[in-house]
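J.: Have a look at the structure that comes next, please.
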Amino acid sequence: MSTAKVALVSGAGQGIGRGIALQLAKDGFDVAVADLTFQEEKARGVVAEIEALGRRAIFVAADVSKKEDVVAAVDAAATQLGGFDVIVNNAGIAQVKPILDVTAEELDKIFSINVNSVVFGIQAAADKFIELGVKGKIISAASIASIKGFPILGAYSASKFAVRGLTQVAAQELAPKGITVNAYAPGIVGTGMWDLIDEKLSEINGKPRGQNLKENVESIALGRIETPEDVANVVSFLASEKADYVTGQVLLVDGGMLYN
Ligand SMILES: NC(=O)C1=CN([C@@H]2O[C@H](COP(=O)(O)OP(=O)(O)OC[C@H]3O[C@@H](n4cnc5c(N)ncnc54)[C@H](O)[C@@H]3O)[C@@H](O)[C@H]2O)C=CC1
Ligand SMILES: CC(=O)C(C)=O
């Protein structure tokens, strides 16, 4: 049995989740790479990258909008990797629509994937930490859109404000168990999500493809687009003992877009 700590990262088949999974492996964690079934090939690639770093990893198929999937994923990580110390509720989707056009179905979808998933992740991880007697860490994906509402990202912004609220509540409720609850708030990260946002914004405002991304990146004080590794470095801190006295926080990692 390995003595390494164990982390589960959702949405780890690509983008920010993949970056976090690899960084946590470099930090010495064994990692459960969770994603939707259609992402299995990519996710198994991430598993192989982690194994090449000398750590253990498994792929877990999970739709995080379903509580039973999240509970089963946490169980699989604990059973197959021999412990459970950190959950990163990273999976999420964007929707790019003026608020007047958002449908009830779209609202249900984005809240079930971006918000319900975080509740389920908090519940499943906390139950496992308590069962194992672990002072674990719960870390979730917020966004600059959890601090400031972004036009045309109304439902998305609302879902990320909810993640911030849940983080503050769970931190207070779980502190007596020694469990910390925090979130990371990236800015403009060059992943599939921003490819989609740029494409949909182009359809809405007629700017050429790439122009909306370029203008947003120009507003970043540090002058470059964010990488998954920039985000993963902050999650690495939140998952470490160095963050033992940090809870209920949403940590901006945006290269200088918002200031608190
Ligand atoms: N890309 C960006 O600029 C920013 C992203 N974020 C947040 O970071 C997180 C990761 O985003 P990216 O890596 O950029 O997105 P991405 O679209 O590149 O990757 C998202 C991953 O989540 C998975 N996923 C989607 N729905 C799922 C479900 N129901 N169950 C399980 N997995 C599911 C996808 O298969 C994919 O692997 C999201 O929560 C996003 O809202 C926050 C701020 C900025
Ligand atoms: C994807 C995202 O969170 C933003 C604000 O771009």
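Identifiers for the structure tokens are assigned positionally: chains receive A, B, ... in sequence, residues are indexed from 1 per chain, and ligands are indexed from 1 in the order shown.
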Counting only C-alpha atoms and all ligand atoms, give me one row per residue of chain A with an atom at most 6 Å from an atom of ligand 1, showing the shortest contact pair and its distance in Å to one decimal, sorted by chain then residue number, as CSV.
T.:
residue,atom,partner,partner_atom_place_in_ligand_line,distance
A:Ser10,CA,ligand 1,32 (N),5.8
A:Gly11,CA,ligand 1,22 (O),3.4
A:Ala12,CA,ligand 1,37 (O),5.5
A:Gly13,CA,ligand 1,37 (O),4.5
A:Gln14,CA,ligand 1,37 (O),4.7
A:Gly15,CA,ligand 1,13 (O),3.6
A:Ile16,CA,ligand 1,13 (O),3.8
A:Gly17,CA,ligand 1,13 (O),5.5
A:Asp35,CA,ligand 1,32 (N),4.2
A:Leu36,CA,ligand 1,31 (C),4.7
A:Gln39,CA,ligand 1,35 (O),5.8
A:Ala62,CA,ligand 1,31 (C),5.5
A:Asp63,CA,ligand 1,30 (N),3.5
A:Val64,CA,ligand 1,30 (N),4.0
A:Ser65,CA,ligand 1,29 (N),5.2
A:Asn90,CA,ligand 1,39 (O),4.8
A:Ala91,CA,ligand 1,22 (O),3.9
A:Gly92,CA,ligand 1,39 (O),3.5
A:Ile93,CA,ligand 1,41 (O),5.6
A:Ile113,CA,ligand 1,29 (N),5.1
A:Ala141,CA,ligand 1,39 (O),4.8
A:Ala142,CA,ligand 1,42 (C),5.6
A:Ser143,CA,ligand 1,43 (C),3.9
A:Ala185,CA,ligand 1,43 (C),5.9
A:Pro186,CA,ligand 1,43 (C),4.2
A:Gly187,CA,ligand 1,44 (C),4.8
A:Ile188,CA,ligand 1,3 (O),3.8
A:Val189,CA,ligand 1,3 (O),3.6
A:Gly190,CA,ligand 1,1 (N),6.0
A:Thr191,CA,ligand 1,18 (O),4.7
A:Gly192,CA,ligand 1,18 (O),4.1
A:Met193,CA,ligand 1,17 (O),4.1
A:Trp194,CA,ligand 1,1 (N),5.3
J.: What's the 8 Å shell around A:Gly154, counting only C-alpha atoms, without same-chain residues fewer than 5 positions away, as an MDAnalysis selection string?
T.: chainID A and resid 96:99 149
J.: Can you tell me, as a count of residues only, which residues in stretch 14-92 of chain A count as helix (DSSP H, G or I) by DSSP?
T.: 43
J.: I want to know what sits within 9 Å of A:Ala61, based on only C-alpha atoms, with residues of the same chain fewer than 6 positions away left out; could you give that as a PyMOL selection string?
T.: chain A and resi 33-40+69+73
J.: Keeping N, CA, C and O atoms, export the residues of the selection given above as a PDB file, in the first residue's frame.
T.:
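For reference, part.pdb as written:
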ATOM      1  N   VAL A  33      -8.289  10.582 -11.911  1.00  0.00           N
ATOM      2  CA  VAL A  33      -8.602  11.491 -13.020  1.00  0.00           C
ATOM      3  C   VAL A  33     -10.061  11.230 -13.411  1.00  0.00           C
ATOM      4  O   VAL A  33     -10.369  10.200 -14.008  1.00  0.00           O
ATOM      5  N   ALA A  34     -10.954  12.139 -13.039  1.00  0.00           N
ATOM      6  CA  ALA A  34     -12.388  11.921 -13.286  1.00  0.00           C
ATOM      7  C   ALA A  34     -12.842  12.787 -14.460  1.00  0.00           C
ATOM      8  O   ALA A  34     -12.463  13.958 -14.560  1.00  0.00           O
ATOM      9  N   ASP A  35     -13.651  12.192 -15.321  1.00  0.00           N
ATOM     10  CA  ASP A  35     -14.222  12.971 -16.430  1.00  0.00           C
ATOM     11  C   ASP A  35     -15.392  12.185 -17.022  1.00  0.00           C
ATOM     12  O   ASP A  35     -15.660  11.042 -16.619  1.00  0.00           O
ATOM     13  N   LEU A  36     -16.071  12.805 -17.965  1.00  0.00           N
ATOM     14  CA  LEU A  36     -17.180  12.143 -18.657  1.00  0.00           C
ATOM     15  C   LEU A  36     -16.656  10.966 -19.485  1.00  0.00           C
ATOM     16  O   LEU A  36     -15.504  10.981 -19.937  1.00  0.00           O
ATOM     17  N   THR A  37     -17.530   9.992 -19.733  1.00  0.00           N
ATOM     18  CA  THR A  37     -17.117   8.791 -20.472  1.00  0.00           C
ATOM     19  C   THR A  37     -16.530   9.142 -21.836  1.00  0.00           C
ATOM     20  O   THR A  37     -15.553   8.537 -22.273  1.00  0.00           O
ATOM     21  N   PHE A  38     -17.097  10.138 -22.511  1.00  0.00           N
ATOM     22  CA  PHE A  38     -16.603  10.441 -23.871  1.00  0.00           C
ATOM     23  C   PHE A  38     -15.173  10.988 -23.853  1.00  0.00           C
ATOM     24  O   PHE A  38     -14.504  11.005 -24.881  1.00  0.00           O
ATOM     25  N   GLN A  39     -14.704  11.374 -22.674  1.00  0.00           N
ATOM     26  CA  GLN A  39     -13.339  11.896 -22.537  1.00  0.00           C
ATOM     27  C   GLN A  39     -12.343  10.820 -22.114  1.00  0.00           C
ATOM     28  O   GLN A  39     -11.184  11.127 -21.788  1.00  0.00           O
ATOM     29  N   GLU A  40     -12.805   9.549 -22.105  1.00  0.00           N
ATOM     30  CA  GLU A  40     -11.965   8.486 -21.531  1.00  0.00           C
ATOM     31  C   GLU A  40     -10.565   8.416 -22.152  1.00  0.00           C
ATOM     32  O   GLU A  40      -9.569   8.274 -21.439  1.00  0.00           O
ATOM     33  N   ASP A  69     -22.676   9.393  -9.096  1.00  0.00           N
ATOM     34  CA  ASP A  69     -21.390   9.298  -9.803  1.00  0.00           C
ATOM     35  C   ASP A  69     -20.255   9.888  -8.954  1.00  0.00           C
ATOM     36  O   ASP A  69     -19.144   9.358  -8.923  1.00  0.00           O
ATOM     37  N   ALA A  73     -17.133   7.895  -7.508  1.00  0.00           N
ATOM     38  CA  ALA A  73     -15.771   8.294  -7.899  1.00  0.00           C
ATOM     39  C   ALA A  73     -14.878   8.445  -6.668  1.00  0.00           C
ATOM     40  O   ALA A  73     -13.719   8.014  -6.665  1.00  0.00           O
TER      41      ALA A  73
END
J.: For a test of reading the model, state the distance in Å between atom CA of A:Val9 and atom CA of A:Thr103, rounded to one decimal.
T.: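 Atom CA of A:Thr103 lies 29.8 Å from atom CA of A:Val9.
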J.: Compile the contact shell of A:Val119 as a PyMOL selection string: residues with an atom at most 9 Å away, counting only C-alpha atoms, same-chain residues fewer than 5 positions apart removed.
T.: chain A and resi 67+124+163+166
J.: Counting only C-alpha atoms and all ligand atoms, figure out which residue out of A:Phe161, A:Phe111, A:Phe129, A:Tyr245 gets nearest to ligand 2.
T.: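 Of all the options, A:Phe161 lies closest to ligand 2.
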J.: From the list A:Val250, A:Val181, A:Ala145, A:Met257, which residue is nearest ligand 2 when using only C-alpha atoms and all ligand atoms?
T.: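 The shortest atom-to-atom distance to ligand 2 comes from A:Ala145.
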J.: Which one of A:Ile110, A:Ala94, A:Ile139, A:Val70 sits closest to ligand 2 if you count only C-alpha atoms and all ligand atoms?
T.: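 Result for the nearest residue to ligand 2: A:Ala94.
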J.: Using only C-alpha atoms and all ligand atoms, which of A:Gly121, A:Gly54, A:Pro151, A:Gly165 sits nearest ligand 2?
T.: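 Nearest candidate to ligand 2 out of A:Gly121, A:Gly54, A:Pro151, A:Gly165: A:Pro151.
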J.: Which residue gives the smallest distance to ligand 2 among A:Tyr259, A:Lys242, A:Ile147, A:Val234, with only C-alpha atoms and all ligand atoms counted?
T.: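 The closest residue to ligand 2 is A:Ile147.
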J.: Determine which residues of stretch 18-232 of chain A DSSP labels as strand (DSSP E) from the backbone of this structure, then write them out as a PDB file with N, CA, C and O atoms, in the first residue's frame.
T.:
ATOM      1  N   ASP A  30      -1.026  10.613  -5.422  1.00  0.00           N
ATOM      2  CA  ASP A  30      -1.632   9.701  -6.376  1.00  0.00           C
ATOM      3  C   ASP A  30      -2.978  10.328  -6.760  1.00  0.00           C
ATOM      4  O   ASP A  30      -3.638  10.947  -5.920  1.00  0.00           O
ATOM      5  N   VAL A  31      -3.383  10.164  -8.028  1.00  0.00           N
ATOM      6  CA  VAL A  31      -4.486  10.990  -8.531  1.00  0.00           C
ATOM      7  C   VAL A  31      -5.562  10.167  -9.235  1.00  0.00           C
ATOM      8  O   VAL A  31      -5.251   9.342 -10.107  1.00  0.00           O
ATOM      9  N   ALA A  32      -6.818  10.411  -8.870  1.00  0.00           N
ATOM     10  CA  ALA A  32      -7.956   9.889  -9.628  1.00  0.00           C
ATOM     11  C   ALA A  32      -8.363  10.957 -10.637  1.00  0.00           C
ATOM     12  O   ALA A  32      -8.697  12.086 -10.260  1.00  0.00           O
ATOM     13  N   VAL A  33      -8.289  10.582 -11.911  1.00  0.00           N
ATOM     14  CA  VAL A  33      -8.602  11.491 -13.020  1.00  0.00           C
ATOM     15  C   VAL A  33     -10.061  11.230 -13.411  1.00  0.00           C
ATOM     16  O   VAL A  33     -10.369  10.200 -14.008  1.00  0.00           O
ATOM     17  N   ALA A  34     -10.954  12.139 -13.039  1.00  0.00           N
ATOM     18  CA  ALA A  34     -12.388  11.921 -13.286  1.00  0.00           C
ATOM     19  C   ALA A  34     -12.842  12.787 -14.460  1.00  0.00           C
ATOM     20  O   ALA A  34     -12.463  13.958 -14.560  1.00  0.00           O
ATOM     21  N   ASP A  35     -13.651  12.192 -15.321  1.00  0.00           N
ATOM     22  CA  ASP A  35     -14.222  12.971 -16.430  1.00  0.00           C
ATOM     23  C   ASP A  35     -15.392  12.185 -17.022  1.00  0.00           C
ATOM     24  O   ASP A  35     -15.660  11.042 -16.619  1.00  0.00           O
ATOM     25  N   ALA A  57      -2.178   6.418 -10.699  1.00  0.00           N
ATOM     26  CA  ALA A  57      -3.351   7.170 -11.167  1.00  0.00           C
ATOM     27  C   ALA A  57      -4.390   6.199 -11.698  1.00  0.00           C
ATOM     28  O   ALA A  57      -4.045   5.109 -12.164  1.00  0.00           O
ATOM     29  N   ILE A  58      -5.664   6.601 -11.597  1.00  0.00           N
ATOM     30  CA  ILE A  58      -6.754   5.827 -12.198  1.00  0.00           C
ATOM     31  C   ILE A  58      -7.665   6.792 -12.946  1.00  0.00           C
ATOM     32  O   ILE A  58      -7.737   7.971 -12.608  1.00  0.00           O
ATOM     33  N   PHE A  59      -8.342   6.245 -13.966  1.00  0.00           N
ATOM     34  CA  PHE A  59      -9.416   7.012 -14.616  1.00  0.00           C
ATOM     35  C   PHE A  59     -10.736   6.613 -13.976  1.00  0.00           C
ATOM     36  O   PHE A  59     -10.988   5.422 -13.751  1.00  0.00           O
ATOM     37  N   VAL A  60     -11.570   7.582 -13.646  1.00  0.00           N
ATOM     38  CA  VAL A  60     -12.907   7.314 -13.136  1.00  0.00           C
ATOM     39  C   VAL A  60     -13.909   8.047 -14.013  1.00  0.00           C
ATOM     40  O   VAL A  60     -13.847   9.275 -14.135  1.00  0.00           O
ATOM     41  N   ALA A  61     -14.820   7.285 -14.630  1.00  0.00           N
ATOM     42  CA  ALA A  61     -15.882   7.911 -15.419  1.00  0.00           C
ATOM     43  C   ALA A  61     -16.926   8.469 -14.458  1.00  0.00           C
ATOM     44  O   ALA A  61     -17.456   7.740 -13.620  1.00  0.00           O
ATOM     45  N   VAL A  86      -7.749  14.929  -0.809  1.00  0.00           N
ATOM     46  CA  VAL A  86      -8.078  16.194  -1.494  1.00  0.00           C
ATOM     47  C   VAL A  86      -9.072  15.912  -2.611  1.00  0.00           C
ATOM     48  O   VAL A  86      -8.903  14.949  -3.374  1.00  0.00           O
ATOM     49  N   ILE A  87     -10.117  16.759  -2.706  1.00  0.00           N
ATOM     50  CA  ILE A  87     -10.965  16.738  -3.908  1.00  0.00           C
ATOM     51  C   ILE A  87     -10.859  18.095  -4.591  1.00  0.00           C
ATOM     52  O   ILE A  87     -10.863  19.139  -3.917  1.00  0.00           O
ATOM     53  N   VAL A  88     -10.719  18.070  -5.913  1.00  0.00           N
ATOM     54  CA  VAL A  88     -10.743  19.318  -6.692  1.00  0.00           C
ATOM     55  C   VAL A  88     -11.972  19.261  -7.590  1.00  0.00           C
ATOM     56  O   VAL A  88     -12.015  18.500  -8.569  1.00  0.00           O
ATOM     57  N   ASN A  89     -12.984  20.046  -7.217  1.00  0.00           N
ATOM     58  CA  ASN A  89     -14.230  20.124  -7.994  1.00  0.00           C
ATOM     59  C   ASN A  89     -14.006  21.097  -9.146  1.00  0.00           C
ATOM     60  O   ASN A  89     -14.372  22.264  -9.080  1.00  0.00           O
ATOM     61  N   LYS A 137      -8.923  18.346   2.327  1.00  0.00           N
ATOM     62  CA  LYS A 137      -9.049  19.660   1.687  1.00  0.00           C
ATOM     63  C   LYS A 137     -10.001  19.563   0.491  1.00  0.00           C
ATOM     64  O   LYS A 137      -9.862  18.671  -0.350  1.00  0.00           O
ATOM     65  N   ILE A 138     -10.943  20.507   0.436  1.00  0.00           N
ATOM     66  CA  ILE A 138     -11.911  20.599  -0.665  1.00  0.00           C
ATOM     67  C   ILE A 138     -11.614  21.892  -1.418  1.00  0.00           C
ATOM     68  O   ILE A 138     -11.561  22.971  -0.819  1.00  0.00           O
ATOM     69  N   ILE A 139     -11.405  21.752  -2.722  1.00  0.00           N
ATOM     70  CA  ILE A 139     -10.997  22.903  -3.546  1.00  0.00           C
ATOM     71  C   ILE A 139     -11.890  22.910  -4.796  1.00  0.00           C
ATOM     72  O   ILE A 139     -12.022  21.875  -5.461  1.00  0.00           O
ATOM     73  N   SER A 140     -12.485  24.052  -5.108  1.00  0.00           N
ATOM     74  CA  SER A 140     -13.436  24.102  -6.231  1.00  0.00           C
ATOM     75  C   SER A 140     -13.062  25.199  -7.220  1.00  0.00           C
ATOM     76  O   SER A 140     -12.432  26.197  -6.858  1.00  0.00           O
ATOM     77  N   ALA A 141     -13.534  25.026  -8.455  1.00  0.00           N
ATOM     78  CA  ALA A 141     -13.286  26.019  -9.505  1.00  0.00           C
ATOM     79  C   ALA A 141     -14.306  27.146  -9.406  1.00  0.00           C
ATOM     80  O   ALA A 141     -15.499  26.932  -9.644  1.00  0.00           O
ATOM     81  N   THR A 180     -10.728  21.850   5.358  1.00  0.00           N
ATOM     82  CA  THR A 180     -10.724  23.199   4.781  1.00  0.00           C
ATOM     83  C   THR A 180     -11.410  23.187   3.412  1.00  0.00           C
ATOM     84  O   THR A 180     -11.407  22.174   2.711  1.00  0.00           O
ATOM     85  N   VAL A 181     -12.001  24.334   3.071  1.00  0.00           N
ATOM     86  CA  VAL A 181     -12.764  24.458   1.821  1.00  0.00           C
ATOM     87  C   VAL A 181     -12.388  25.785   1.167  1.00  0.00           C
ATOM     88  O   VAL A 181     -12.616  26.854   1.757  1.00  0.00           O
ATOM     89  N   ASN A 182     -11.805  25.705  -0.012  1.00  0.00           N
ATOM     90  CA  ASN A 182     -11.374  26.920  -0.718  1.00  0.00           C
ATOM     91  C   ASN A 182     -11.695  26.791  -2.200  1.00  0.00           C
ATOM     92  O   ASN A 182     -12.118  25.723  -2.661  1.00  0.00           O
ATOM     93  N   ALA A 183     -11.484  27.877  -2.931  1.00  0.00           N
ATOM     94  CA  ALA A 183     -11.715  27.860  -4.381  1.00  0.00           C
ATOM     95  C   ALA A 183     -10.643  28.700  -5.061  1.00  0.00           C
ATOM     96  O   ALA A 183     -10.026  29.566  -4.440  1.00  0.00           O
ATOM     97  N   TYR A 184     -10.432  28.410  -6.351  1.00  0.00           N
ATOM     98  CA  TYR A 184      -9.506  29.208  -7.168  1.00  0.00           C
ATOM     99  C   TYR A 184     -10.318  29.948  -8.214  1.00  0.00           C
ATOM    100  O   TYR A 184     -11.312  29.438  -8.725  1.00  0.00           O
ATOM    101  N   ALA A 185      -9.888  31.157  -8.504  1.00  0.00           N
ATOM    102  CA  ALA A 185     -10.634  32.013  -9.450  1.00  0.00           C
ATOM    103  C   ALA A 185      -9.714  32.440 -10.587  1.00  0.00           C
ATOM    104  O   ALA A 185      -9.087  33.504 -10.535  1.00  0.00           O
ATOM    105  N   PRO A 186      -9.639  31.614 -11.644  1.00  0.00           N
ATOM    106  CA  PRO A 186      -8.810  31.998 -12.799  1.00  0.00           C
ATOM    107  C   PRO A 186      -9.444  33.149 -13.579  1.00  0.00           C
ATOM    108  O   PRO A 186     -10.621  33.477 -13.400  1.00  0.00           O
TER     109      PRO A 186
END
J.: As a ChimeraX atom specification, please: the residues near A:Asn216 (cut-off 12 Å, only C-alpha atoms, same-chain neighbours under 5 positions excluded).
T.: /A:150,187-190,194,197-198,201,210-211,221,223-226,254-257
J.: Using atom CA of A:Leu252 and atom CA of A:Asp230 as the two end points, give the distance in Å to one decimal.
T.: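 Separation of atom CA of A:Leu252 and atom CA of A:Asp230: 11.1 Å.
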